[in-house]
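To start, the structure under review is shown below, and the notes come after it.
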Amino acid sequence: MSAAASWARRATLFIGFVFLYAPIVILAVMSFNASRLVSVWGGFSTKWYAALLENEQLLHSAKISLAAALTSATIATLLGLLAAISLARFGRFRTRMLFFGAVHAPLVLPEVVLGLALLTCFVAFGVGRGFVTLVIGHVTLTMCFTTVAILAALRDSDPALEEAAMDLGATPLGAFIRVALPQIAPAIVTAYLLAFTLSLDDLVIASFATGPGATTLPMRIYSQVRLGVSPQINAISTLLLALVAVALGLAALVSSGRARRDGKW
Amino acid sequence: MSARRRLSLGERLVIAAPYLWIGAFFLAPMLLIAKISVSQSVLARPPYRPIFEPSDSLAAIWAKAQTFSFDAYRALMSDTLYLESYLSSLTIAAVSTLIALIIAYPFALAMARAPERLRPMLIGLAAAPFWTSFLIRVYAWIALLKDDGLINNALMALGLISAPLQMFATTGAVVVGIVYSYLPFMLLPLYAALERQDPSLREAAADLGASPAQVFLRVTLPLSREGVIAGALLVFIPAVGEFVIPDLLGGSETLMIGRTLWNDFFSNHDWPAASAAAIALVAVLMIPLLLWERARLADEDDAR
Amino acid sequence: MSAPLLSIKGVSKKFGAVVALEEVSLDVGAGEFFALLGPSGCGKTTLMRCIAGFESPDAGTISLSVVDLSGVPPYRRPVNMMFQSYALFPHLNVFENIAFGLRRQGGTRDAIDARVGELLAMTQLSAFGHRRIDELSGGQKQRVALARALAPRPKMLLLDEPLAALDRKLREETQFQLKEIQRLTQTSFVIVTHDQDEALALADRIAVMRAGRVEQVAGPMEIYDRPATRFVAGFVGETNFIEGRLDRNGAAALVAEFGRIPCEPGDLPDGARATLSVRPERIGVAREGEGIAGFVENFVFRGETTLLRVRVARDIVLRAAACHGERHAIGDSVRLNFPPGAGTLLAEET
């Protein structure tokens, strides 16, 4: 490749990554700003982080969000696995189109529509809204993502391996558990993490599906943010970003370690 | 087309749980809002008049069906607020998608042409923001775009402008927010399509007399078509129904269907109108998806 | 002799610490069918990519019709290449693939249509103009790639392992087609191959390459009968390497452990250590009489001939081809005859 092309490539990458990361980095820097104003640097301070620790409402909401994310990601991954198996392995059964459409719909449906439908349903059947309805909402939202992630892995897996297992005396169920499942295990982990992240991040569905006493962290952040830039929100955002950065860093280390062990490097 | 098969008992056990879940928490609610969309609006809680009672006989249901009110749909057509919201949503989503494509294409190309050992790291960095909170990423732009925000301050400090530009609370800010938030969705399929391309195709084109610009226009670009389509859909579809971005970055004049629905539901309590708009939106978005799956199944049949 | 079409002088190329080409010099004439032959990693593909303009040499010059090509980008070189993978454009049909180079040159629609039609006919693809690339068989793809590279009437066509992806039967048929098309178009063809049969069958002249260097440039017969180095002798065709000392007294002969073998001494001094390369089919096999004694250790029926492994000393086994019809059994004792000029004497490699 010519020197000019290589220079242009580097410049493009630089500009692209600046665009992607500058807003996040600025936000993180601002969280250490002693001044309340965006435009004034009042010196380095961790006072907004200290204030966070005393904000009971925010801490409570963080716990709710975490609990909802753990619960709903678990259920959504299980349901997604079952749905993916049905779509990948059961051929063209009756009502497949309905099942396929209903499973994939939340992917393309605006969250507002799904939330609106769920809320209407809860009201119509007199279901009290709270943590349970929140989890129901999040499972319904994230199940399509887990299904798609696992379905892709199932379609890529080699059916001959399962056939070989059955040829060697495994039952279809046994062959699936011993052979197919380990193959798609990385996709299942990805699906779980995806569902967890989406649930933790969701504002719209939560606003419709949850009730008083189960206000999630994004809802708290949102109600603050509507009023403008707030240093405390900067601080909690930075914490959340740091958490994701650490998790992604660990994931990268693990996968590069695995690649090295497999002799790919 | 081959005959539909019946599921065995074991298979039924597997499919039962996901089927029941989406039946109870997706299909039933959607049917319910379909029903509400043909009810009459009342000032009550719930704010619509029930149509069917569990005790209704078939004849009674038929009789009641005569009383279906299509007022909400009629209103949808005549109420300019909804029509304008739809059109404005589609426009904003289309413009944002186009800008995201223009930004992402050279970016993805630079990643796909980077040395092979760097590519996993680059793509990891490009995808990482996707795992961070959407709300926080949108929020980060408020500090940049506000009248006393960083961009205006920087421009004034440089002496380029004398008074702050109104960027926050405009439709432009919404477009910026959508482009920024959904850029990874555009980037990943484009990168995948470009990285997959056989470099010998570009060499073949150059060998046959195509200049670098012609190689790009005649070979690289047409071969990345699938990536462009996938990326555009992944940005456009969620952008149409977006609520958070117009609500946080947009002004009062920024109409988007997600926000209009939200307001009608929570503030105006016009459930039939909101339901009718939601049903219309579902129909518009779901039909292409089902057609696509049908085409995929037909392709599978051909391949056999 | 007029100036050659392509002239390569002292071309060297390194990739990091790996030497791909070292001081390569050779000429290719107009209308010639030239082969670059060698094992994988010998630098033949790098040399071809230097000619096409995809790599630039670290040293040396490549000139075409006396014009130095250095700094000329691939798209301005009157040289076209047929890629090993064919590199057909999947988004274009057969017709548009072939027309690609013509459209870059400009030219009227009628002229392009006519030229593409001509090439479709030449490659027997007339019925396939509107086919998509993924609807073609391997042999058809190969012909589209050839037609596409020939369409802009290049001064020289480079072919990178053009037959490697075809099965054996199709390969032979295609060899004849390639020769025929080269004869019809009068274009210089430079083919890169690791397959000695292919090079011998197709080329007017062959350059045998090894580790970035050219070992020998000659016609196929000479390469086969008079290999310049031990590597060429071993790489092209089957051979026996017989080690010994040269005896120039009287009729020159190589004195090996198992006997004297007559040979042409060349300019090697008396008593020099040397290796004689003798092709199995040049060794005469008889049941009795004169010659070097040995016994049949094993044999393989090859149709036209039977290849015998004959042990002539405790740890020396020679391969000899017996004519069709002669039957041999394991353990038979035989006599091997070496007619004068049967082998080529190779100096010890330093």
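If you're wondering about the labels, chains in the structure tokens are A, B, ... by order shown, residues count from 1 in each chain, ligands from 1 in order shown.
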Return as a Markdown table the residues of chain A lying at most 7 Å from chain B, together with the closest atom-to-atom pair for each and the distance in Å to one decimal, counting only C-alpha atoms, with rows in chain order and ascending residue number.
| residue | atom | partner | partner_atom | distance |
| --- | --- | --- | --- | --- |
| A:Arg9 | CA | B:Ala110 | CA | 4.9 |
| A:Thr12 | CA | B:Phe107 | CA | 6.0 |
| A:Leu13 | CA | B:Phe107 | CA | 6.0 |
| A:Gly16 | CA | B:Phe107 | CA | 6.1 |
| A:Pro23 | CA | B:Ala140 | CA | 5.7 |
| A:Ile24 | CA | B:Ala140 | CA | 6.3 |
| A:Leu27 | CA | B:Ala140 | CA | 5.8 |
| A:Val38 | CA | B:Gly149 | CA | 6.3 |
| A:Ser39 | CA | B:Gly149 | CA | 6.2 |
| A:Leu79 | CA | B:Pro18 | CA | 5.2 |
| A:Leu82 | CA | B:Val14 | CA | 5.8 |
| A:Ala83 | CA | B:Pro18 | CA | 5.8 |
| A:Ser86 | CA | B:Ile15 | CA | 5.9 |
| A:Arg92 | CA | B:Arg4 | CA | 5.8 |
| A:Phe93 | CA | B:Arg5 | CA | 4.7 |
| A:Arg94 | CA | B:Arg4 | CA | 5.4 |
| A:Gly101 | CA | B:Leu290 | CA | 6.5 |
| A:Ala102 | CA | B:Ile22 | CA | 6.7 |
| A:Val103 | CA | B:Ile22 | CA | 6.9 |
| A:Ala105 | CA | B:Met286 | CA | 6.8 |
| A:Val108 | CA | B:Ile237 | CA | 6.2 |
| A:Leu109 | CA | B:Val282 | CA | 6.5 |
| A:Pro110 | CA | B:Gly241 | CA | 4.6 |
| A:Val112 | CA | B:Gly258 | CA | 6.0 |
| A:Val113 | CA | B:Ala278 | CA | 5.6 |
| A:Ala117 | CA | B:Pro29 | CA | 4.9 |
| A:Leu118 | CA | B:Pro29 | CA | 5.6 |
| A:Thr120 | CA | B:Pro29 | CA | 6.9 |
| A:Cys121 | CA | B:Pro29 | CA | 5.2 |
| A:Thr140 | CA | B:Phe25 | CA | 6.7 |
| A:Thr197 | CA | B:Trp131 | CA | 6.7 |
| A:Asp201 | CA | B:Ser133 | CA | 5.4 |
| A:Arg226 | CA | B:Leu248 | CA | 6.4 |
| A:Val229 | CA | B:Ala143 | CA | 6.5 |
| A:Ser237 | CA | B:Ile136 | CA | 6.1 |
| A:Leu241 | CA | B:Thr132 | CA | 6.0 |
| A:Val244 | CA | B:Thr132 | CA | 6.2 |
Go ahead and save the picked residues with C-alpha atoms, as a compact mmCIF listing (two decimals), in the first residue's frame.
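Done, and the output landed in out03.txt:
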# COMPACT_ATOMS: atom_id res chain seq x y z
CA ARG A 9 -6.12 5.45 6.60
CA THR A 12 -9.50 8.43 9.10
CA LEU A 13 -9.14 6.03 12.00
CA GLY A 16 -13.38 8.24 13.65
CA PRO A 23 -18.04 12.88 24.15
CA ILE A 24 -17.58 10.03 26.62
CA LEU A 27 -18.17 13.50 30.30
CA VAL A 38 -19.75 22.81 32.13
CA SER A 39 -17.77 25.74 30.84
CA LEU A 79 -36.26 -18.75 26.49
CA LEU A 82 -35.47 -22.83 23.44
CA ALA A 83 -36.85 -20.53 20.74
CA SER A 86 -37.28 -24.57 17.73
CA ARG A 92 -41.25 -25.99 8.88
CA PHE A 93 -43.82 -26.70 11.56
CA ARG A 94 -47.31 -25.26 11.66
CA GLY A 101 -42.67 -13.06 13.48
CA ALA A 102 -43.61 -12.78 17.15
CA VAL A 103 -40.11 -13.72 18.31
CA ALA A 105 -40.95 -8.43 16.21
CA VAL A 108 -37.89 -3.86 14.73
CA LEU A 109 -40.71 -2.59 16.92
CA PRO A 110 -40.20 0.80 18.51
CA VAL A 112 -42.52 2.78 22.82
CA VAL A 113 -45.00 0.47 21.08
CA ALA A 117 -48.87 -2.65 24.67
CA LEU A 118 -47.50 -4.17 27.87
CA THR A 120 -52.23 -1.62 28.45
CA CYS A 121 -52.26 -5.33 29.09
CA THR A 140 -39.99 -9.68 26.34
CA THR A 197 -26.73 -4.79 29.07
CA ASP A 201 -29.72 0.38 29.95
CA ARG A 226 -34.28 16.35 31.56
CA VAL A 229 -26.44 18.70 32.99
CA SER A 237 -22.23 7.89 34.24
CA LEU A 241 -18.65 3.64 31.76
CA VAL A 244 -18.14 -1.47 31.09
- Task: Report as a ChimeraX atom specification the set of chain C residues whose atoms approach chain A to within 12 Å, with distances computed over only C-alpha atoms.
- Result: /C:53-56,71,73
Return the neighbours of chain B among the residues of chain C, cut-off 10 Å, counting only C-alpha atoms, as an mmCIF file with N, CA and C atoms, in the first residue's frame.
data_model
loop_
_atom_site.group_PDB
_atom_site.id
_atom_site.type_symbol
_atom_site.label_atom_id
_atom_site.label_comp_id
_atom_site.auth_asym_id
_atom_site.auth_seq_id
_atom_site.Cartn_x
_atom_site.Cartn_y
_atom_site.Cartn_z
ATOM 1 N N ALA C 52 3.264 -7.072 -13.150
ATOM 2 C CA ALA C 52 1.919 -6.501 -13.235
ATOM 3 C C ALA C 52 1.845 -5.143 -12.539
ATOM 4 N N GLY C 53 2.771 -4.893 -11.617
ATOM 5 C CA GLY C 53 2.783 -3.600 -10.930
ATOM 6 C C GLY C 53 2.195 -3.626 -9.538
ATOM 7 N N PHE C 54 1.876 -4.812 -9.007
ATOM 8 C CA PHE C 54 1.306 -4.895 -7.651
ATOM 9 C C PHE C 54 2.395 -4.868 -6.580
ATOM 10 N N PRO C 73 1.676 2.758 -12.340
ATOM 11 C CA PRO C 73 0.717 1.954 -11.575
ATOM 12 C C PRO C 73 0.111 0.849 -12.444
ATOM 13 N N PRO C 74 -0.418 -0.201 -11.807
ATOM 14 C CA PRO C 74 -0.936 -1.351 -12.565
ATOM 15 C C PRO C 74 -1.937 -0.957 -13.635
ATOM 16 N N TYR C 75 -2.749 0.084 -13.327
ATOM 17 C CA TYR C 75 -3.823 0.388 -14.282
ATOM 18 C C TYR C 75 -3.324 1.139 -15.500
ATOM 19 N N ARG C 76 -2.034 1.514 -15.511
ATOM 20 C CA ARG C 76 -1.505 2.156 -16.719
ATOM 21 C C ARG C 76 -0.531 1.231 -17.447
ATOM 22 N N ARG C 77 -0.426 -0.037 -17.026
ATOM 23 C CA ARG C 77 0.502 -0.946 -17.689
ATOM 24 C C ARG C 77 -0.246 -1.753 -18.749
ATOM 25 N N PRO C 78 0.330 -1.880 -19.931
ATOM 26 C CA PRO C 78 -0.340 -2.648 -20.997
ATOM 27 C C PRO C 78 -0.151 -4.139 -20.799
ATOM 28 N N VAL C 79 -0.261 -4.566 -19.546
ATOM 29 C CA VAL C 79 -0.053 -5.964 -19.184
ATOM 30 C C VAL C 79 -1.294 -6.386 -18.418
ATOM 31 N N ASN C 80 -1.875 -7.517 -18.743
ATOM 32 C CA ASN C 80 -3.021 -7.982 -17.968
ATOM 33 C C ASN C 80 -2.707 -9.312 -17.321
ATOM 34 N N MET C 81 -3.466 -9.584 -16.254
ATOM 35 C CA MET C 81 -3.143 -10.760 -15.466
ATOM 36 C C MET C 81 -4.392 -11.623 -15.306
ATOM 37 N N MET C 82 -4.169 -12.929 -15.371
ATOM 38 C CA MET C 82 -5.241 -13.860 -15.045
ATOM 39 C C MET C 82 -4.897 -14.423 -13.670
ATOM 40 N N PHE C 83 -5.787 -14.153 -12.704
ATOM 41 C CA PHE C 83 -5.476 -14.491 -11.314
ATOM 42 C C PHE C 83 -5.713 -15.961 -11.030
ATOM 43 N N GLN C 84 -4.951 -16.486 -10.089
ATOM 44 C CA GLN C 84 -5.104 -17.893 -9.729
ATOM 45 C C GLN C 84 -6.520 -18.181 -9.247
ATOM 46 N N SER C 85 -7.069 -17.231 -8.425
ATOM 47 C CA SER C 85 -8.436 -17.415 -7.935
ATOM 48 C C SER C 85 -9.449 -16.938 -8.974
ATOM 49 N N TYR C 86 -8.974 -16.514 -10.138
ATOM 50 C CA TYR C 86 -9.730 -15.902 -11.240
ATOM 51 C C TYR C 86 -10.152 -14.478 -10.921
ATOM 52 N N ALA C 87 -10.482 -14.188 -9.625
ATOM 53 C CA ALA C 87 -10.883 -12.837 -9.222
ATOM 54 C C ALA C 87 -11.945 -12.266 -10.135
ATOM 55 N N LEU C 88 -12.948 -13.081 -10.478
ATOM 56 C CA LEU C 88 -14.065 -12.574 -11.296
ATOM 57 C C LEU C 88 -14.964 -11.722 -10.406
ATOM 58 N N PHE C 89 -15.517 -10.658 -10.973
ATOM 59 C CA PHE C 89 -16.356 -9.762 -10.170
ATOM 60 C C PHE C 89 -17.723 -10.397 -9.954
ATOM 61 N N PRO C 90 -18.065 -10.743 -8.720
ATOM 62 C CA PRO C 90 -19.321 -11.486 -8.496
ATOM 63 C C PRO C 90 -20.571 -10.647 -8.758
ATOM 64 N N HIS C 91 -20.411 -9.313 -8.749
ATOM 65 C CA HIS C 91 -21.605 -8.468 -8.946
ATOM 66 C C HIS C 91 -21.858 -8.177 -10.418
ATOM 67 N N LEU C 92 -21.002 -8.682 -11.301
ATOM 68 C CA LEU C 92 -21.190 -8.444 -12.727
ATOM 69 C C LEU C 92 -21.382 -9.783 -13.425
ATOM 70 N N ASN C 97 -18.033 -8.713 -16.988
ATOM 71 C CA ASN C 97 -16.691 -9.017 -16.532
ATOM 72 C C ASN C 97 -15.692 -8.854 -17.675
ATOM 73 N N ILE C 98 -16.067 -9.415 -18.836
ATOM 74 C CA ILE C 98 -15.139 -9.352 -19.970
ATOM 75 C C ILE C 98 -15.014 -7.912 -20.472
ATOM 76 N N ALA C 99 -16.131 -7.158 -20.367
ATOM 77 C CA ALA C 99 -16.119 -5.783 -20.879
ATOM 78 C C ALA C 99 -15.433 -4.811 -19.930
ATOM 79 N N PHE C 100 -15.117 -5.264 -18.709
ATOM 80 C CA PHE C 100 -14.631 -4.329 -17.677
ATOM 81 C C PHE C 100 -13.427 -3.508 -18.154
ATOM 82 N N GLY C 101 -12.413 -4.193 -18.673
ATOM 83 C CA GLY C 101 -11.201 -3.499 -19.106
ATOM 84 C C GLY C 101 -11.465 -2.598 -20.305
ATOM 85 N N LEU C 102 -12.364 -3.061 -21.209
ATOM 86 C CA LEU C 102 -12.682 -2.279 -22.400
ATOM 87 C C LEU C 102 -13.372 -0.976 -22.022
ATOM 88 N N ARG C 103 -14.271 -1.066 -21.029
ATOM 89 C CA ARG C 103 -14.972 0.150 -20.614
ATOM 90 C C ARG C 103 -13.998 1.148 -19.998
ATOM 91 N N ARG C 104 -12.959 0.658 -19.326
ATOM 92 C CA ARG C 104 -11.982 1.582 -18.740
ATOM 93 C C ARG C 104 -11.195 2.291 -19.837
ATOM 94 N N GLN C 105 -11.003 1.593 -20.982
ATOM 95 C CA GLN C 105 -10.257 2.201 -22.079
ATOM 96 C C GLN C 105 -11.104 3.198 -22.850
ATOM 97 N N ALA C 145 -12.140 -15.764 -17.059
ATOM 98 C CA ALA C 145 -10.972 -15.027 -16.564
ATOM 99 C C ALA C 145 -9.983 -14.787 -17.698
ATOM 100 N N ARG C 148 -11.461 -12.170 -20.070
ATOM 101 C CA ARG C 148 -11.441 -10.833 -19.479
ATOM 102 C C ARG C 148 -10.045 -10.212 -19.566
ATOM 103 N N ALA C 149 -9.029 -11.043 -19.309
ATOM 104 C CA ALA C 149 -7.673 -10.521 -19.330
ATOM 105 C C ALA C 149 -7.211 -10.217 -20.751
ATOM 106 N N LEU C 150 -7.751 -10.957 -21.734
ATOM 107 C CA LEU C 150 -7.336 -10.749 -23.117
ATOM 108 C C LEU C 150 -8.077 -9.594 -23.782
ATOM 109 N N ALA C 151 -9.259 -9.267 -23.244
ATOM 110 C CA ALA C 151 -10.138 -8.318 -23.928
ATOM 111 C C ALA C 151 -9.463 -6.988 -24.274
ATOM 112 N N PRO C 152 -8.717 -6.348 -23.358
ATOM 113 C CA PRO C 152 -8.135 -5.047 -23.726
ATOM 114 C C PRO C 152 -6.913 -5.159 -24.634
ATOM 115 N N PRO C 154 -3.868 -6.773 -24.338
ATOM 116 C CA PRO C 154 -2.620 -6.421 -23.661
ATOM 117 C C PRO C 154 -1.426 -6.838 -24.518
#
- Query: Between A:Ala180, A:Ala76, A:Ala214, A:Leu161, which one has atoms that come closest to Val132 in chain A, using only C-alpha atoms?
  - Reply: A:Ala214
- Query: Out of range 20-62 of chain C, which residues get helix (DSSP H, G or I) from DSSP, as a list in words?
  - Reply: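 Answer for range 20-62 of chain C, restricted to helix (DSSP H, G or I): Lys44, Thr45, Thr46, Leu47, Met48, Arg49, Cys50, Ile51 and Ala52 of chain C.
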With only C-alpha atoms as the counted atoms, please give the residues lying no more than 9 Å from Val135 in chain A, apart from itself and same-chain residues fewer than 4 positions off, as a PDB file with N, CA and C atoms, in the first residue's frame.
ATOM      1  N   ALA A  68     -33.010  -6.562  38.324  1.00  0.00           N
ATOM      2  CA  ALA A  68     -33.864  -6.790  37.148  1.00  0.00           C
ATOM      3  C   ALA A  68     -33.036  -7.315  35.986  1.00  0.00           C
ATOM      4  N   ALA A  69     -31.825  -6.768  35.818  1.00  0.00           N
ATOM      5  CA  ALA A  69     -30.980  -7.193  34.695  1.00  0.00           C
ATOM      6  C   ALA A  69     -30.553  -8.647  34.862  1.00  0.00           C
ATOM      7  N   THR A  71     -32.031 -11.070  36.651  1.00  0.00           N
ATOM      8  CA  THR A  71     -33.182 -11.967  36.518  1.00  0.00           C
ATOM      9  C   THR A  71     -33.635 -12.061  35.072  1.00  0.00           C
ATOM     10  N   SER A  72     -33.824 -10.899  34.432  1.00  0.00           N
ATOM     11  CA  SER A  72     -34.413 -10.937  33.091  1.00  0.00           C
ATOM     12  C   SER A  72     -33.425 -11.531  32.088  1.00  0.00           C
ATOM     13  N   GLY A 130     -44.772  -3.350  39.194  1.00  0.00           N
ATOM     14  CA  GLY A 130     -43.650  -3.321  40.129  1.00  0.00           C
ATOM     15  C   GLY A 130     -42.490  -4.089  39.543  1.00  0.00           C
ATOM     16  N   PHE A 131     -41.698  -4.709  40.403  1.00  0.00           N
ATOM     17  CA  PHE A 131     -40.506  -5.411  39.965  1.00  0.00           C
ATOM     18  C   PHE A 131     -40.831  -6.546  38.983  1.00  0.00           C
ATOM     19  N   VAL A 139     -37.693  -9.125  29.795  1.00  0.00           N
ATOM     20  CA  VAL A 139     -37.545 -10.429  29.134  1.00  0.00           C
ATOM     21  C   VAL A 139     -38.138 -10.357  27.737  1.00  0.00           C
ATOM     22  N   THR A 140     -39.338  -9.760  27.645  1.00  0.00           N
ATOM     23  CA  THR A 140     -39.995  -9.680  26.342  1.00  0.00           C
ATOM     24  C   THR A 140     -39.148  -8.864  25.368  1.00  0.00           C
ATOM     25  N   SER A 199     -31.074  -4.647  29.386  1.00  0.00           N
ATOM     26  CA  SER A 199     -31.982  -4.461  30.516  1.00  0.00           C
ATOM     27  C   SER A 199     -31.474  -3.338  31.417  1.00  0.00           C
ATOM     28  N   ALA A 206     -39.007   0.193  30.794  1.00  0.00           N
ATOM     29  CA  ALA A 206     -39.111   0.315  32.249  1.00  0.00           C
ATOM     30  C   ALA A 206     -40.131   1.379  32.631  1.00  0.00           C
ATOM     31  N   ALA A 209     -43.441  -0.293  32.191  1.00  0.00           N
ATOM     32  CA  ALA A 209     -43.758  -1.569  32.842  1.00  0.00           C
ATOM     33  C   ALA A 209     -43.604  -1.531  34.358  1.00  0.00           C
ATOM     34  N   THR A 210     -42.809  -0.633  34.873  1.00  0.00           N
ATOM     35  CA  THR A 210     -42.561  -0.695  36.301  1.00  0.00           C
ATOM     36  C   THR A 210     -43.541   0.200  37.062  1.00  0.00           C
TER      37      THR A 210
END
- Message: I'd like the interatomic distance between CA of Leu36 in chain C and CA of Tyr224 in chain C, to a tenth of an Å.
- Response: 14.9 Å
- Task: Using backbone DSSP assignments, extract all strand (DSSP E or B) residues from range 230-326 of chain C; output them as number ranges by chain.
- Result: C: 240-247, 253-256, 259-262, 273-278, 284-286, 292-301, 305-313, 316-323
- Have a look at A:Gly249, A:Pro231, A:Gly169, A:Gly257 and name the one nearest to Ala51 in chain A; count only C-alpha atoms. A:Pro231
- Message: List the spatial neighbours of Ser157 in chain A as a ChimeraX atom specification - criterion: any atom at most 10 Å away, only C-alpha atoms, same-chain residues fewer than 6 positions off excluded.
- Response: /A:151,179-181,183-184
Could you write those residues out with N, CA and C atoms, as an mmCIF file, in the first residue's frame?
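Once written, part06.cif looks like this:
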data_model
loop_
_atom_site.group_PDB
_atom_site.id
_atom_site.type_symbol
_atom_site.label_atom_id
_atom_site.label_comp_id
_atom_site.auth_asym_id
_atom_site.auth_seq_id
_atom_site.Cartn_x
_atom_site.Cartn_y
_atom_site.Cartn_z
ATOM 1 N N LEU A 151 -29.531 -18.379 17.606
ATOM 2 C CA LEU A 151 -29.959 -18.980 16.337
ATOM 3 C C LEU A 151 -28.825 -18.937 15.315
ATOM 4 N N VAL A 179 -22.838 -32.286 22.528
ATOM 5 C CA VAL A 179 -22.092 -31.852 21.343
ATOM 6 C C VAL A 179 -22.480 -30.444 20.886
ATOM 7 N N ALA A 180 -23.779 -30.218 20.688
ATOM 8 C CA ALA A 180 -24.176 -28.914 20.132
ATOM 9 C C ALA A 180 -24.021 -27.803 21.161
ATOM 10 N N LEU A 181 -24.415 -28.083 22.380
ATOM 11 C CA LEU A 181 -24.391 -27.049 23.417
ATOM 12 C C LEU A 181 -22.980 -26.478 23.654
ATOM 13 N N GLN A 183 -20.658 -26.296 21.556
ATOM 14 C CA GLN A 183 -20.313 -25.514 20.372
ATOM 15 C C GLN A 183 -20.894 -24.113 20.425
ATOM 16 N N ILE A 184 -22.151 -24.007 20.918
ATOM 17 C CA ILE A 184 -22.804 -22.702 20.901
ATOM 18 C C ILE A 184 -22.645 -21.976 22.230
#
